[in-house]
Structures are given as structure tokens and as C-alpha cells.
Amino acid sequence: MNIDPWATTNLGIELRHERSHGGGAVDVLPAELPIATLIQPGLRRNPRRAHLLVSTVLGKHLPTDPRVVLGAGNRLGDLVRDVLGDREAVVLGFAETATGLGHCVAARIGAGCYLHSTRREVPDATTLTGFEEGHSHATSHLLQPAPADIFVNDLPLVLVDDEISTGDTAIDAVRALHAFSPRAHYVLASLVDMRTESDRTRFEVAADELGARIDTVCLAAGRTLLPDDLVETVSSMPDPVLNPTAAQRGSFDRIELPWPASVPEGGRHGILRSDTDAFEAALVQAAEALRVRLADDFAGRPAIVLGHEELMYLPLRLAAELADAGIATRFQTTTRSPAYVLDEPGYPLRRGFRFVAPEAGEVEPRYLYNAHWIEDALSEVAALDDGVALDDGVALDDGVALDDGVALGNGALGNGALGNGALGNGALGDHAPGGEGAVDYPGLTRSAGGRSVGVEPVLVVVIDAPADTAELRAAGGLIDVLTASGDDVVLAVLPGADPRLLHAERTVAEPRML
């Protein structure tokens, strides 16, 4: 028997599946991805929206196998390519949650330019335009391409977000961007699409008013059913307990990762197809430096790579490189958005940290959730529990069949590898590690409750230069709250690209699109 989502059982939040898309790719994911596999219901204290759709494949709130994150992004990219055909396109990822996902989509389709919106004011960069988001905790999106003409053109624009709830945010973004630089074709790509029929009708009317074609693609579509009193109920719940502490503080180490100033580390100022080779070469060097440090100081330890807010794609790729090198690895990132933490079975946000924003001039706190190897029986793979084969010799049914085709490696759900048997969260329904039918991960031992004990993962915090400040290590900073919880932390600092240099090189050179 599976453990139902806590918010479904106790509050009546229901995530209903309607249809799946894009099951033909060969990757670590199951062929079909139902809604219950892709998202779990969480909570937040927000008068506009008290529920939170926690993705199991994004690597934001949940520590996730990096190959699962890349696989989901690739599948979404394939759906985008099916719509575009062989046409060139520009891809825009929404901050902060979809900056890495958008980059995955852009890389998959070979986009001419990838840009993500940002909420960071960069002194040396020029803000071209922006738009507002309704339900988010942080609402302003800035666009800072360097230079502007890598983004301002008449090519189809692919907008990538982790979810479409009502479509209002997406259509507002399209309106703002269309008013600034009109295009004939937009594609909205998301992991899940939870719009109602009335939402879809309103979306289509808005598209007709703009006089533009707007296509939507997603891995799965469904419905979110909410109780009428959810906002009041969540507001009345006890304050969450954040920043857990341990009897012994964890260790702290630091490494400077090599990165060329002329190579964009992400899409904040645009990354072009012509940057790909240099990016990949720089990635290999940075990953090797990190791997060597971990091998020297934390041999045999699993690792959770933590990106910082919008810096998602490069930490994701670093995590994937570590996993490919044989290190048990998960990936997730910090966030600006507060969510409700509750240490109950079936609830996705079991542990939470609040810390001082490290960037200069920022006053609002930042957050990180879970940041440990979760082994509780959540429901990411609940839809696979009726005997759906994952790969050769692997099936999830009433008796989890495991045979010679199963390799207990880095947690991938492909090529017969089961690892922790989860899409990043380590859940196998009622076959959770630590219980009957458990599948253990090499190097980790299990407590009766399912959480890892013994060899705990080291937390690798990857940041760029603007976040490398005294606040990061001061009392109440990210390093302080993590080590206070007993976790060993390695701070990996990337110098990042100089937007002035990117602007100068791209202006002097022949105009190029990737």
C-alpha cells in the first residue's frame, strides 16, 4: 500500500491526471509520466495561493538524480521540436524555478539563443525589458541579454516554466514581450499543465487578441482540486520548524572552480549555440576539479549538489558529471520562496532552512528544503506500482521484482539501474528502503524510519561570485545554518562570466546565433 500525499489525506488537495505526452525518449525515466509521478502537493502561506506543486523531476525542492532532471528536460525539448519542426527559435526560461529546465530545452533543440529572466540586479548589465508574475513570492522578471539583439528578433519564442496553473502568468508574459518585440509564434513548454477548460478558453481568447500563434506542450496534463478553505486552513497551521541543529556542527571547506570569464555560466545574459563547445570544455574542467576535491576529502561519500536560486543548469551538469564518475549524487537548489515545512510521511518538504540572502542589497531571506537523502515512502512512483516495467528485469508491483537485470548504482531508473528506486526522492511506495522489500544504496545504511544513517552525503553548495560574500558564512547565512545542522559542506565558487565582456565580444564579432 502506498502512502498517500499528506496534503491529500489531511487537507483534501487532489492532483488529478488527465493525459501524458512525450513517452518515446530513451532516458532514465519511465515511458509514461503521470501527474502523481511528476508533482506532489505542498503548502505555502500565501493569500493568493496556499498550495505548492512540488516537482519530483526539477531539482528545486527535492534532491533529485541529475539524470532524471536532464531526462525530463530532454523530453520537454523533444515536444518543443515536434511543434517547431526544423525552424530556428529563441528559448526563454522563467526565473527562478525554470532557469535550468529552460537551458535543458534549449540545449536539446539546439536553440540559437537561450536567455532566462532574472530577479538579480546586475550592475554591469543592461536590463532590456521585463514582466510581472502574479502568484509568485518574487514577482518581477528582468531580461538582461548581452547585447539586446541576440534576443530581439522575429524568431519563434519558446517560453519554459515548470508548471502552468491557470495560464495567466504565461499569457501576461507573452503580452509584455509581444508589446516590446512582436513575434508571430510562441511556444509555451512546461513539465505539467493544470489548466481547467475555462482557463484554456481564456488563454485562447488572449492569444487571438494578440494575433499570434501560441502552442503549449507539457509532459503531463491534469487538474488541481482545492478545498474552498485552504488559505485559511494553512494560515492557521502552526509555524513550521526551520533550521534544525545537531549536537556537533558539520565541517566546512571551500574550492574555487575554474571558469573562463568569456564563457557564460548560464542564461542570465544569454548563451548562444556558438558558446556550446567552450561551455562543455569549461564544464569538464570544473567538474574534474570538484571530483578530485571530493575524492581527496570525502572519499566514498555521496554528494548533494546545491545550486543557488537561478544558478541551476551548471550545478545540474556538475552533478551529472559526478554521477557519471561513480559518485552517488543528487541535485537541488535554494530558492527565494517560503514554503510550509512539515516532517510527516507523505509530505514532500520534510526539512527546511531559512538564511540571510548573500547578495549585496538583498533584505529578504532565502530558503532551502530537504537537502538530505530522503528515503520516505512518498508517491513519486505511485502510478508505477501496478506492475509497470521500468527496464529489463525491473517491475514495481506488489512484490517489487528484482533480478539479474538490476544494478544498484547511482539511482537512475534506466538501463536496469534502480539505485534508490525513485525519481529523485527515494520512494518506492510501500517498498521504501529501510522496510520490507528495501533496496539499499551502496555506502548508505538505513534507519528503521527510512532515513539514511552512517555515511551521510556531503553538501556541495555551488555559487557564483556575486553570492560569495561575508553574509554567506556569517551567523544566519547558508553555510552557518547547514553546518549547524550537522552537515559537512563544501562551498564551490564559480567566478562566472563578465556581461560587459560578453556584450563586447558579441557586438564586435559578426552577429551570431549560437
# chains A, B, ... in the order shown; residues from 1 in each chain; ligands from 1

$ select_by_dssp --residues "region 150-308 of chain A" --states "strand (DSSP E)" --output "PyMOL selection string"
chain A and resi 157-164+185-193+213-225+252-256+271-272+303-307

$ residues_around --residues "Glu163 (chain A)" --least-positions-apart "4" --cutoff "8 Å" --atoms "only C-alpha atoms" --output "mmCIF file with C-alpha atoms, in the first residue's frame"
data_model
loop_
_atom_site.group_PDB
_atom_site.id
_atom_site.type_symbol
_atom_site.label_atom_id
_atom_site.label_comp_id
_atom_site.auth_asym_id
_atom_site.auth_seq_id
_atom_site.Cartn_x
_atom_site.Cartn_y
_atom_site.Cartn_z
ATOM 1 C CA SER A 190 6.056 23.151 -19.062
ATOM 2 C CA LEU A 191 6.500 19.935 -17.127
ATOM 3 C CA VAL A 192 2.824 19.924 -16.123
ATOM 4 C CA ASP A 193 -0.240 21.787 -17.363
ATOM 5 C CA MET A 194 -3.015 22.027 -14.756
#

$ residues_around --residues "region 47-51 of chain A" --least-positions-apart "5" --cutoff "12 Å" --atoms "only C-alpha atoms" --output "PyMOL selection string"
chain A and resi 7-8+11-15+39-42+134-137+165-166+224-237+338-340

$ write_last_selection --atoms "N, CA, C and O atoms" --output "short mmCIF file (atom, residue, chain, number, x, y, z; two decimals), in the first residue's frame"
data_model
loop_
_atom_site.label_atom_id
_atom_site.label_comp_id
_atom_site.auth_asym_id
_atom_site.auth_seq_id
_atom_site.Cartn_x
_atom_site.Cartn_y
_atom_site.Cartn_z
N ALA A 7 -1.00 16.12 2.08
CA ALA A 7 -1.94 17.22 1.81
C ALA A 7 -3.23 16.73 1.17
O ALA A 7 -4.25 17.41 1.25
N THR A 8 -3.20 15.56 0.56
CA THR A 8 -4.43 14.98 0.02
C THR A 8 -5.25 14.36 1.15
O THR A 8 -6.46 14.61 1.28
N LEU A 11 -5.89 17.50 3.95
CA LEU A 11 -6.46 18.79 3.55
C LEU A 11 -7.35 18.69 2.32
O LEU A 11 -8.01 19.67 1.97
N GLY A 12 -7.35 17.57 1.65
CA GLY A 12 -8.23 17.40 0.51
C GLY A 12 -7.71 17.95 -0.80
O GLY A 12 -8.47 18.09 -1.77
N ILE A 13 -6.41 18.25 -0.90
CA ILE A 13 -5.83 18.69 -2.17
C ILE A 13 -5.67 17.47 -3.07
O ILE A 13 -5.03 16.48 -2.70
N GLU A 14 -6.23 17.53 -4.26
CA GLU A 14 -6.17 16.40 -5.18
C GLU A 14 -5.51 16.83 -6.49
O GLU A 14 -5.88 17.86 -7.07
N LEU A 15 -4.53 16.06 -6.93
CA LEU A 15 -3.89 16.28 -8.22
C LEU A 15 -4.36 15.17 -9.15
O LEU A 15 -3.97 14.02 -9.01
N ILE A 39 4.58 15.51 -9.83
CA ILE A 39 4.40 16.55 -8.81
C ILE A 39 3.74 15.96 -7.57
O ILE A 39 3.02 14.97 -7.64
N GLN A 40 3.98 16.63 -6.44
CA GLN A 40 3.36 16.28 -5.17
C GLN A 40 2.80 17.56 -4.56
O GLN A 40 3.37 18.64 -4.72
N PRO A 41 1.70 17.47 -3.83
CA PRO A 41 1.11 18.68 -3.23
C PRO A 41 1.84 19.12 -1.97
O PRO A 41 2.02 18.35 -1.03
N GLY A 42 2.27 20.37 -1.97
CA GLY A 42 2.85 21.00 -0.79
C GLY A 42 2.03 22.24 -0.44
O GLY A 42 1.00 22.53 -1.07
N GLY A 134 2.10 36.87 -11.32
CA GLY A 134 1.05 37.09 -10.34
C GLY A 134 1.20 36.36 -9.03
O GLY A 134 1.24 36.96 -7.96
N HIS A 135 1.29 35.01 -9.07
CA HIS A 135 1.18 34.25 -7.83
C HIS A 135 2.50 34.00 -7.14
O HIS A 135 2.54 33.50 -6.02
N SER A 136 3.61 34.34 -7.78
CA SER A 136 4.91 34.02 -7.20
C SER A 136 5.23 34.89 -5.99
O SER A 136 4.71 35.99 -5.84
N HIS A 137 6.13 34.38 -5.12
CA HIS A 137 6.58 35.17 -3.97
C HIS A 137 7.39 36.37 -4.45
O HIS A 137 7.26 37.47 -3.94
N SER A 165 -0.40 26.71 -14.19
CA SER A 165 -1.52 26.50 -13.26
C SER A 165 -2.83 26.99 -13.87
O SER A 165 -3.77 26.24 -14.02
N THR A 166 -2.87 28.28 -14.21
CA THR A 166 -4.05 28.84 -14.86
C THR A 166 -3.72 29.35 -16.26
O THR A 166 -4.62 29.54 -17.08
N THR A 224 -5.92 20.45 -10.67
CA THR A 224 -5.69 20.64 -9.23
C THR A 224 -7.02 20.96 -8.58
O THR A 224 -7.66 21.96 -8.93
N LEU A 225 -7.44 20.10 -7.66
CA LEU A 225 -8.70 20.30 -6.95
C LEU A 225 -8.39 20.74 -5.53
O LEU A 225 -7.72 20.02 -4.78
N LEU A 226 -8.90 21.92 -5.15
CA LEU A 226 -8.57 22.52 -3.86
C LEU A 226 -9.81 22.73 -3.02
O LEU A 226 -10.86 23.11 -3.54
N PRO A 227 -9.70 22.51 -1.70
CA PRO A 227 -10.82 22.85 -0.81
C PRO A 227 -10.99 24.36 -0.74
O PRO A 227 -10.02 25.12 -0.85
N ASP A 228 -12.21 24.81 -0.52
CA ASP A 228 -12.50 26.24 -0.52
C ASP A 228 -11.79 26.99 0.60
O ASP A 228 -11.47 28.17 0.46
N ASP A 229 -11.54 26.31 1.71
CA ASP A 229 -10.96 26.98 2.88
C ASP A 229 -9.46 26.75 3.02
O ASP A 229 -8.91 26.90 4.11
N LEU A 230 -8.78 26.41 1.92
CA LEU A 230 -7.37 26.04 2.03
C LEU A 230 -6.52 27.18 2.56
O LEU A 230 -5.65 26.97 3.42
N VAL A 231 -6.72 28.40 2.08
CA VAL A 231 -5.90 29.54 2.52
C VAL A 231 -6.04 29.73 4.03
O VAL A 231 -5.04 29.91 4.74
N GLU A 232 -7.27 29.70 4.51
CA GLU A 232 -7.49 29.87 5.94
C GLU A 232 -6.90 28.72 6.74
O GLU A 232 -6.32 28.92 7.83
N THR A 233 -7.03 27.50 6.22
CA THR A 233 -6.50 26.34 6.93
C THR A 233 -4.99 26.41 7.07
O THR A 233 -4.44 26.19 8.16
N VAL A 234 -4.32 26.73 5.97
CA VAL A 234 -2.85 26.80 6.02
C VAL A 234 -2.41 27.94 6.91
O VAL A 234 -1.43 27.82 7.67
N SER A 235 -3.11 29.05 6.88
CA SER A 235 -2.75 30.19 7.73
C SER A 235 -2.87 29.86 9.21
O SER A 235 -2.13 30.41 10.04
N SER A 236 -3.77 28.96 9.55
CA SER A 236 -3.99 28.61 10.96
C SER A 236 -3.09 27.49 11.46
O SER A 236 -3.09 27.19 12.66
N MET A 237 -2.32 26.88 10.56
CA MET A 237 -1.44 25.79 10.98
C MET A 237 -0.27 26.34 11.79
O MET A 237 0.12 27.51 11.63
N PRO A 338 9.27 31.13 0.29
CA PRO A 338 8.99 30.37 1.51
C PRO A 338 7.90 29.33 1.26
O PRO A 338 6.93 29.59 0.53
N ALA A 339 8.08 28.15 1.82
CA ALA A 339 7.07 27.09 1.73
C ALA A 339 6.88 26.49 3.11
O ALA A 339 7.71 26.68 4.01
N TYR A 340 5.82 25.78 3.28
CA TYR A 340 5.50 25.21 4.59
C TYR A 340 6.22 23.88 4.77
O TYR A 340 6.09 22.97 3.94
#

$ atom_distance --atom1 "CA of Asn74 (chain A)" --atom2 "CA of Val284 (chain A)"
20.3 Å

$ closest_residue --among "A:Leu491, A:Ala286, A:Ile304, A:Leu53" --to "Tyr347 (chain A)" --atoms "only C-alpha atoms"
A:Leu53

$ residues_around --residues "Thr129 (chain A)" --least-positions-apart "2" --cutoff "12 Å" --atoms "only C-alpha atoms" --output "list in words"
Ser117, Thr118, Thr126, Thr127, Phe131, Glu132, Ser140, His141, Leu142, Leu143, Gln144, Pro145, Ala148, Phe151, Val152, Ala173, Ala176, Leu177, His178, Ala179, Phe180 and Ser181 of chain A

$ residues_around --residues "Gly59 (chain A)" --least-positions-apart "5" --cutoff "10 Å" --atoms "only C-alpha atoms" --output "ChimeraX atom specification"
/A:54,64-66,68-70,97,100-101,305-307,312,316,330-334,424-425

$ write_last_selection --atoms "all heavy atoms" --output "compact mmCIF listing (two decimals), in the first residue's frame"
# COMPACT_ATOMS: atom_id res chain seq x y z
N VAL A 54 5.03 20.58 -5.96
CA VAL A 54 6.44 20.23 -5.75
C VAL A 54 6.85 19.21 -6.81
O VAL A 54 6.37 18.08 -6.81
CB VAL A 54 6.68 19.68 -4.34
CG1 VAL A 54 8.15 19.33 -4.16
CG2 VAL A 54 6.23 20.70 -3.29
N THR A 64 17.34 15.40 -6.27
CA THR A 64 16.91 14.58 -7.41
C THR A 64 18.13 14.07 -8.17
O THR A 64 19.11 14.78 -8.33
CB THR A 64 16.02 15.41 -8.35
OG1 THR A 64 14.97 16.02 -7.59
CG2 THR A 64 15.42 14.57 -9.44
N ASP A 65 18.04 12.84 -8.66
CA ASP A 65 19.09 12.32 -9.53
C ASP A 65 19.25 13.27 -10.71
O ASP A 65 18.27 13.56 -11.41
CB ASP A 65 18.69 10.92 -10.02
CG ASP A 65 19.81 10.22 -10.78
OD1 ASP A 65 20.48 10.86 -11.62
OD2 ASP A 65 20.01 9.03 -10.54
N PRO A 66 20.44 13.79 -10.96
CA PRO A 66 20.59 14.78 -12.04
C PRO A 66 20.21 14.24 -13.40
O PRO A 66 19.76 15.00 -14.27
CB PRO A 66 22.08 15.15 -11.97
CG PRO A 66 22.74 14.03 -11.24
CD PRO A 66 21.72 13.54 -10.27
N VAL A 68 17.73 12.29 -13.98
CA VAL A 68 16.28 12.41 -14.05
C VAL A 68 15.90 13.83 -14.51
O VAL A 68 15.03 14.01 -15.36
CB VAL A 68 15.64 12.08 -12.69
CG1 VAL A 68 14.19 12.54 -12.63
CG2 VAL A 68 15.74 10.59 -12.40
N VAL A 69 16.56 14.83 -13.93
CA VAL A 69 16.29 16.22 -14.31
C VAL A 69 16.60 16.45 -15.79
O VAL A 69 15.80 17.04 -16.53
CB VAL A 69 17.10 17.19 -13.44
CG1 VAL A 69 16.80 18.64 -13.80
CG2 VAL A 69 16.82 16.96 -11.95
N LEU A 70 17.74 15.97 -16.23
CA LEU A 70 18.12 16.12 -17.63
C LEU A 70 17.17 15.35 -18.54
O LEU A 70 16.81 15.83 -19.62
CB LEU A 70 19.56 15.63 -17.83
CG LEU A 70 20.65 16.51 -17.21
CD1 LEU A 70 22.00 15.80 -17.25
CD2 LEU A 70 20.74 17.85 -17.93
N THR A 97 12.53 29.22 -10.99
CA THR A 97 12.39 27.77 -10.96
C THR A 97 12.79 27.10 -12.26
O THR A 97 13.29 25.97 -12.25
CB THR A 97 10.94 27.38 -10.59
OG1 THR A 97 10.56 28.11 -9.43
CG2 THR A 97 10.82 25.92 -10.31
N GLY A 100 17.06 26.34 -15.14
CA GLY A 100 17.77 25.14 -15.56
C GLY A 100 16.98 24.34 -16.57
O GLY A 100 17.52 23.82 -17.55
N LEU A 101 15.67 24.22 -16.35
CA LEU A 101 14.81 23.48 -17.27
C LEU A 101 14.83 24.13 -18.65
O LEU A 101 14.91 23.43 -19.68
CB LEU A 101 13.38 23.44 -16.72
CG LEU A 101 12.33 22.74 -17.57
CD1 LEU A 101 12.66 21.27 -17.73
CD2 LEU A 101 10.94 22.94 -16.98
N VAL A 305 24.49 18.16 -4.66
CA VAL A 305 24.95 19.42 -5.25
C VAL A 305 23.81 20.43 -5.15
O VAL A 305 22.70 20.18 -5.65
CB VAL A 305 25.39 19.22 -6.71
CG1 VAL A 305 25.78 20.56 -7.33
CG2 VAL A 305 26.55 18.24 -6.79
N LEU A 306 24.08 21.56 -4.52
CA LEU A 306 23.08 22.59 -4.30
C LEU A 306 23.40 23.82 -5.15
O LEU A 306 24.39 24.50 -4.91
CB LEU A 306 23.05 23.00 -2.82
CG LEU A 306 22.79 21.88 -1.80
CD1 LEU A 306 22.93 22.41 -0.38
CD2 LEU A 306 21.41 21.28 -2.00
N GLY A 307 22.57 24.08 -6.14
CA GLY A 307 22.67 25.33 -6.87
C GLY A 307 22.06 26.45 -6.05
O GLY A 307 21.36 26.21 -5.06
N MET A 312 21.09 27.20 -11.82
CA MET A 312 20.63 25.82 -11.77
C MET A 312 21.34 24.91 -12.78
O MET A 312 21.73 23.80 -12.44
CB MET A 312 19.12 25.76 -12.02
CG MET A 312 18.27 26.38 -10.92
SD MET A 312 16.48 26.10 -11.13
CE MET A 312 16.36 24.34 -10.76
N LEU A 316 23.59 21.60 -12.06
CA LEU A 316 22.98 20.35 -12.52
C LEU A 316 23.95 19.53 -13.35
O LEU A 316 24.11 18.31 -13.15
CB LEU A 316 21.72 20.66 -13.34
CG LEU A 316 21.12 19.52 -14.16
CD1 LEU A 316 20.65 18.39 -13.25
CD2 LEU A 316 20.00 20.03 -15.05
N ARG A 330 22.94 13.65 -5.92
CA ARG A 330 21.63 14.27 -6.11
C ARG A 330 21.83 15.76 -6.35
O ARG A 330 22.90 16.31 -6.10
CB ARG A 330 20.73 14.05 -4.88
CG ARG A 330 20.34 12.60 -4.66
CD ARG A 330 19.39 12.14 -5.75
NE ARG A 330 18.92 10.78 -5.51
CZ ARG A 330 19.48 9.70 -6.03
NH1 ARG A 330 20.56 9.82 -6.78
NH2 ARG A 330 18.97 8.50 -5.80
N PHE A 331 20.77 16.42 -6.83
CA PHE A 331 20.85 17.83 -7.20
C PHE A 331 19.59 18.56 -6.76
O PHE A 331 18.48 18.04 -6.89
CB PHE A 331 21.01 17.98 -8.71
CG PHE A 331 20.67 19.35 -9.24
CD1 PHE A 331 21.56 20.41 -9.06
CD2 PHE A 331 19.46 19.59 -9.88
CE1 PHE A 331 21.23 21.68 -9.51
CE2 PHE A 331 19.13 20.85 -10.34
CZ PHE A 331 20.03 21.90 -10.16
N GLN A 332 19.75 19.77 -6.21
CA GLN A 332 18.63 20.67 -5.97
C GLN A 332 19.18 22.08 -5.79
O GLN A 332 20.40 22.29 -5.88
CB GLN A 332 17.82 20.25 -4.75
CG GLN A 332 18.54 20.38 -3.43
CD GLN A 332 17.63 20.14 -2.24
OE1 GLN A 332 17.89 19.24 -1.45
NE2 GLN A 332 16.59 20.96 -2.09
N THR A 333 18.30 23.06 -5.53
CA THR A 333 18.77 24.43 -5.40
C THR A 333 18.04 25.16 -4.27
O THR A 333 16.98 24.74 -3.81
CB THR A 333 18.57 25.25 -6.69
OG1 THR A 333 17.18 25.47 -6.90
CG2 THR A 333 19.16 24.54 -7.89
N THR A 334 18.62 26.27 -3.87
CA THR A 334 17.97 27.17 -2.92
C THR A 334 16.88 27.96 -3.65
O THR A 334 16.75 27.89 -4.88
CB THR A 334 18.97 28.15 -2.31
OG1 THR A 334 19.49 29.00 -3.37
CG2 THR A 334 20.14 27.42 -1.66
N GLY A 424 14.29 10.81 -7.81
CA GLY A 424 14.96 11.84 -7.06
C GLY A 424 14.63 11.87 -5.59
O GLY A 424 15.33 12.45 -4.81
N ASN A 425 13.56 11.22 -5.15
CA ASN A 425 13.17 11.34 -3.75
C ASN A 425 13.31 10.04 -2.99
O ASN A 425 13.02 9.97 -1.82
CB ASN A 425 11.73 11.83 -3.65
CG ASN A 425 11.53 12.76 -2.50
OD1 ASN A 425 12.45 13.47 -2.13
ND2 ASN A 425 10.36 12.77 -1.92

$ residues_around --residues "Asp124 (chain A)" --least-positions-apart "6" --cutoff "9 Å" --atoms "only C-alpha atoms" --output "MDAnalysis selection string"
chainID A and resid 498:500

$ atom_distance --atom1 "CA of Ile214 (chain A)" --atom2 "CA of Glu309 (chain A)"
28.5 Å

$ closest_residue --among "A:Leu38, A:Phe203, A:Ala475, A:Asp480" --to "Ala221 (chain A)" --atoms "only C-alpha atoms"
A:Leu38

$ atom_distance --atom1 "CA of Glu456 (chain A)" --atom2 "CA of Val241 (chain A)"
21.9 Å

$ residues_around --residues "Ser337 (chain A)" --least-positions-apart "2" --cutoff "12 Å" --atoms "only C-alpha atoms" --output "PyMOL selection string"
chain A and resi 43-46+52+60-61+95-97+135-139+309+333-335+339-340+352-355+357+364-369
